[in-house]
$ cat coords.cif   # mmCIF, C-alpha atoms
data_query
loop_
_atom_site.group_PDB
_atom_site.id
_atom_site.type_symbol
_atom_site.label_atom_id
_atom_site.label_comp_id
_atom_site.auth_asym_id
_atom_site.auth_seq_id
_atom_site.Cartn_x
_atom_site.Cartn_y
_atom_site.Cartn_z
ATOM 1 C CA MET A 190 29.578 14.401 -12.280
ATOM 2 C CA GLY A 191 28.310 14.991 -15.832
ATOM 3 C CA LYS A 192 24.625 15.292 -14.980
ATOM 4 C CA LYS A 193 22.748 18.520 -14.469
ATOM 5 C CA THR A 194 22.231 19.132 -10.769
ATOM 6 C CA LEU A 195 20.017 21.428 -8.712
ATOM 7 C CA PRO A 196 20.562 22.953 -5.242
ATOM 8 C CA ARG A 197 17.014 22.227 -4.068
ATOM 9 C CA GLU A 198 14.220 19.784 -4.771
ATOM 10 C CA PRO A 199 12.337 20.311 -8.022
ATOM 11 C CA TRP A 200 8.538 20.033 -7.977
ATOM 12 C CA ARG A 201 7.510 16.358 -7.990
ATOM 13 C CA GLY A 202 4.778 17.074 -10.526
ATOM 14 C CA SER A 203 7.328 18.284 -13.083
ATOM 15 C CA GLN A 204 9.278 16.448 -15.767
ATOM 16 C CA VAL A 205 12.557 16.946 -13.849
ATOM 17 C CA CYS A 206 14.058 13.814 -12.219
ATOM 18 C CA GLY A 207 14.768 15.308 -8.779
ATOM 19 C CA TYR A 208 16.563 12.242 -7.387
ATOM 20 C CA GLN A 209 18.374 13.306 -4.214
ATOM 21 C CA ILE A 210 22.140 12.800 -4.408
ATOM 22 C CA GLN A 211 24.324 12.872 -1.308
ATOM 23 C CA ILE A 212 27.717 14.519 -1.685
ATOM 24 C CA GLY A 213 30.354 13.870 0.945
ATOM 25 C CA SER A 214 29.494 12.986 4.521
ATOM 26 C CA TRP A 215 25.975 12.198 5.737
ATOM 27 C CA HIS A 216 26.686 14.697 8.517
ATOM 28 C CA ASN A 217 26.575 17.723 6.241
ATOM 29 C CA SER A 218 23.946 19.384 4.078
ATOM 30 C CA GLY A 219 25.632 18.372 0.835
ATOM 31 C CA ASN A 220 22.472 17.110 -0.829
ATOM 32 C CA ILE A 221 21.848 18.004 -4.438
ATOM 33 C CA PHE A 222 19.136 16.905 -6.838
ATOM 34 C CA CYS A 223 19.242 15.531 -10.379
ATOM 35 C CA GLY A 224 18.157 18.113 -12.963
ATOM 36 C CA GLU A 225 17.802 15.700 -15.894
ATOM 37 C CA ARG A 226 14.522 15.095 -17.707
ATOM 38 C CA LYS A 227 12.435 12.145 -16.517
ATOM 39 C CA GLU A 228 12.569 9.186 -18.889
ATOM 40 C CA HIS A 229 9.321 8.563 -20.788
ATOM 41 C CA GLY A 230 7.114 6.267 -18.694
ATOM 42 C CA LEU A 231 9.349 6.440 -15.585
ATOM 43 C CA TYR A 232 9.381 8.491 -12.374
ATOM 44 C CA ALA A 233 13.012 9.593 -12.835
ATOM 45 C CA CYS A 234 15.803 9.725 -15.409
ATOM 46 C CA ARG A 235 16.843 6.228 -16.539
ATOM 47 C CA GLU A 236 19.920 6.082 -14.267
ATOM 48 C CA HIS A 237 18.043 7.031 -11.115
ATOM 49 C CA HIS A 238 14.976 4.930 -11.938
ATOM 50 C CA GLN A 239 17.309 1.933 -12.136
ATOM 51 C CA ALA A 240 18.894 2.843 -8.781
ATOM 52 C CA MET A 241 15.446 3.046 -7.135
ATOM 53 C CA ALA A 242 14.335 -0.254 -8.723
ATOM 54 C CA GLU A 243 17.441 -2.025 -7.392
ATOM 55 C CA ASP A 244 16.403 -1.014 -3.843
ATOM 56 C CA GLU A 245 13.023 -2.750 -4.184
ATOM 57 C CA PRO A 246 12.691 -6.518 -3.563
ATOM 58 C CA ASP A 247 10.530 -6.968 -6.682
ATOM 59 C CA GLY A 248 12.300 -4.290 -8.744
ATOM 60 C CA ARG A 249 9.160 -2.120 -9.020
ATOM 61 C CA VAL A 250 9.351 1.596 -8.235
ATOM 62 C CA ARG A 251 6.370 2.931 -6.289
ATOM 63 C CA MET A 252 5.807 6.630 -5.749
ATOM 64 C CA ALA A 253 3.315 8.683 -3.773
ATOM 65 C CA PRO A 254 0.433 10.387 -5.603
ATOM 66 C CA GLY A 255 1.465 13.665 -7.183
ATOM 67 C CA ASN A 256 4.736 12.363 -8.626
ATOM 68 C CA ALA A 257 4.600 12.820 -12.397
ATOM 69 C CA ILE A 258 5.621 10.098 -14.809
ATOM 70 C CA GLY A 259 7.958 11.129 -17.613
ATOM 71 C CA SER A 260 6.263 12.122 -20.858
ATOM 72 C CA ARG A 261 7.767 13.182 -24.168
ATOM 73 C CA ASN A 262 4.730 15.416 -24.731
ATOM 74 C CA LYS A 263 5.120 17.558 -21.618
ATOM 75 C CA PRO A 264 7.573 20.465 -21.401
ATOM 76 C CA VAL A 265 10.497 20.432 -19.006
ATOM 77 C CA ARG A 266 10.217 23.480 -16.779
ATOM 78 C CA LEU A 267 12.042 24.333 -13.561
ATOM 79 C CA GLN A 268 9.762 24.702 -10.550
ATOM 80 C CA TRP A 269 10.622 24.028 -6.914
ATOM 81 C CA GLU A 270 8.829 21.708 -4.486
ATOM 82 C CA PRO A 271 6.707 23.822 -2.101
ATOM 83 C CA SER A 272 7.392 23.552 1.626
ATOM 84 C CA ASP A 273 3.675 23.351 2.416
ATOM 85 C CA GLY A 274 2.792 20.792 -0.275
ATOM 86 C CA SER A 275 0.569 23.158 -2.249
ATOM 87 C CA ARG A 276 1.506 24.791 -5.541
ATOM 88 C CA PRO A 277 4.993 24.606 -7.034
ATOM 89 C CA VAL A 278 7.307 27.549 -6.370
ATOM 90 C CA GLU A 279 8.422 29.489 -9.425
ATOM 91 C CA PRO A 280 12.181 29.984 -9.769
ATOM 92 C CA THR A 281 13.750 33.397 -10.002
ATOM 93 C CA LYS A 282 15.038 34.559 -13.391
ATOM 94 C CA GLN A 283 18.581 33.974 -12.148
ATOM 95 C CA GLU A 284 17.756 30.394 -11.064
ATOM 96 C CA VAL A 285 16.378 29.650 -14.533
ATOM 97 C CA VAL A 286 19.691 30.835 -16.002
ATOM 98 C CA ASP A 287 21.857 29.093 -13.386
ATOM 99 C CA TYR A 288 20.040 25.743 -13.432
ATOM 100 C CA PRO A 289 18.947 24.748 -16.933
ATOM 101 C CA VAL A 290 16.923 21.521 -16.814
ATOM 102 C CA GLY A 291 16.018 18.798 -19.247
#

$ encode --input "coords.cif" --output "structure tokens"
Amino acid sequence: MGKKTLPREPWRGSQVCGYQIQIGSWHNSGNIFCGERKEHGLYACREHHQAMAEDEPDGRVRMAPGNAIGSRNKPVRLQWEPSDGSRPVEPTKQEVVDYPVG
């Protein structure tokens, strides 16, 4: 797998794709998340936007409020999705080193 991957879900308001990828059996916790930059004007990187569009009858991707659309003008910064839905969780210094995004 040549894409950047993350061990947990990035904040949905960020410029990081965050598409959930299953590795191995559905009976394990082998989920990882895409760490690529969102494509300009899309809710995910180009590859994963296309995968989501193919799952929709009309080919249109719909997302809940709070999901950022890709923008060339916004910085790519690692932040984690909060468990309580409030503010994004800042990564540790080691996570920033271990999981470069964008």

$ residues_around --input "coords.cif" --residues "Cys206 in chain A" --least-positions-apart "6" --cutoff "10 Å" --atoms "all atoms listed in the file" --output "count of residues only"
24

$ closest_residue --input "coords.cif" --among "A:Tyr288, A:Ser203, A:Leu195, A:Gly248" --to "Arg276 in chain A" --atoms "all atoms listed in the file"
A:Ser203

$ resolve_selection --input "coords.cif" --expression "the PyMOL selection byres ((chain A and resi 284) around 12)" --output "MDAnalysis selection string"
chainID A and resid 195:197 199 266:269 278:283 285:290

$ write_last_selection --input "coords.cif" --atoms "C-alpha atoms" --output "PDB file, in the frame of the given file"
ATOM      1  CA  LEU A 195      20.017  21.428  -8.712  1.00  0.00           C
ATOM      2  CA  PRO A 196      20.562  22.953  -5.242  1.00  0.00           C
ATOM      3  CA  ARG A 197      17.014  22.227  -4.068  1.00  0.00           C
ATOM      4  CA  PRO A 199      12.337  20.311  -8.022  1.00  0.00           C
ATOM      5  CA  ARG A 266      10.217  23.480 -16.779  1.00  0.00           C
ATOM      6  CA  LEU A 267      12.042  24.333 -13.561  1.00  0.00           C
ATOM      7  CA  GLN A 268       9.762  24.702 -10.550  1.00  0.00           C
ATOM      8  CA  TRP A 269      10.622  24.028  -6.914  1.00  0.00           C
ATOM      9  CA  VAL A 278       7.307  27.549  -6.370  1.00  0.00           C
ATOM     10  CA  GLU A 279       8.422  29.489  -9.425  1.00  0.00           C
ATOM     11  CA  PRO A 280      12.181  29.984  -9.769  1.00  0.00           C
ATOM     12  CA  THR A 281      13.750  33.397 -10.002  1.00  0.00           C
ATOM     13  CA  LYS A 282      15.038  34.559 -13.391  1.00  0.00           C
ATOM     14  CA  GLN A 283      18.581  33.974 -12.148  1.00  0.00           C
ATOM     15  CA  VAL A 285      16.378  29.650 -14.533  1.00  0.00           C
ATOM     16  CA  VAL A 286      19.691  30.835 -16.002  1.00  0.00           C
ATOM     17  CA  ASP A 287      21.857  29.093 -13.386  1.00  0.00           C
ATOM     18  CA  TYR A 288      20.040  25.743 -13.432  1.00  0.00           C
ATOM     19  CA  PRO A 289      18.947  24.748 -16.933  1.00  0.00           C
ATOM     20  CA  VAL A 290      16.923  21.521 -16.814  1.00  0.00           C
TER      21      VAL A 290
END

$ residues_around --input "coords.cif" --residues "Arg251 in chain A" --least-positions-apart "6" --cutoff "10 Å" --atoms "all atoms listed in the file" --output "MDAnalysis selection string"
chainID A and resid 232 241:242 245

$ atom_distance --input "coords.cif" --atom1 "CA of Met252 in chain A" --atom2 "CA of Gln239 in chain A"
14.0 Å

$ atom_distance --input "coords.cif" --atom1 "CA of Gly202 in chain A" --atom2 "CA of Asn256 in chain A"
5.1 Å

$ atom_distance --input "coords.cif" --atom1 "CA of Asp273 in chain A" --atom2 "CA of Gly230 in chain A"
27.4 Å

$ axis_aligned_box --input "coords.cif" --around "range 255-264 of chain A" --padding-each-side "3 Å" --output "lines of an AutoDock Vina configuration file"
center_x = 4.7
center_y = 15.3
center_z = -16.0
size_x = 12.5
size_y = 16.4
size_z = 23.5
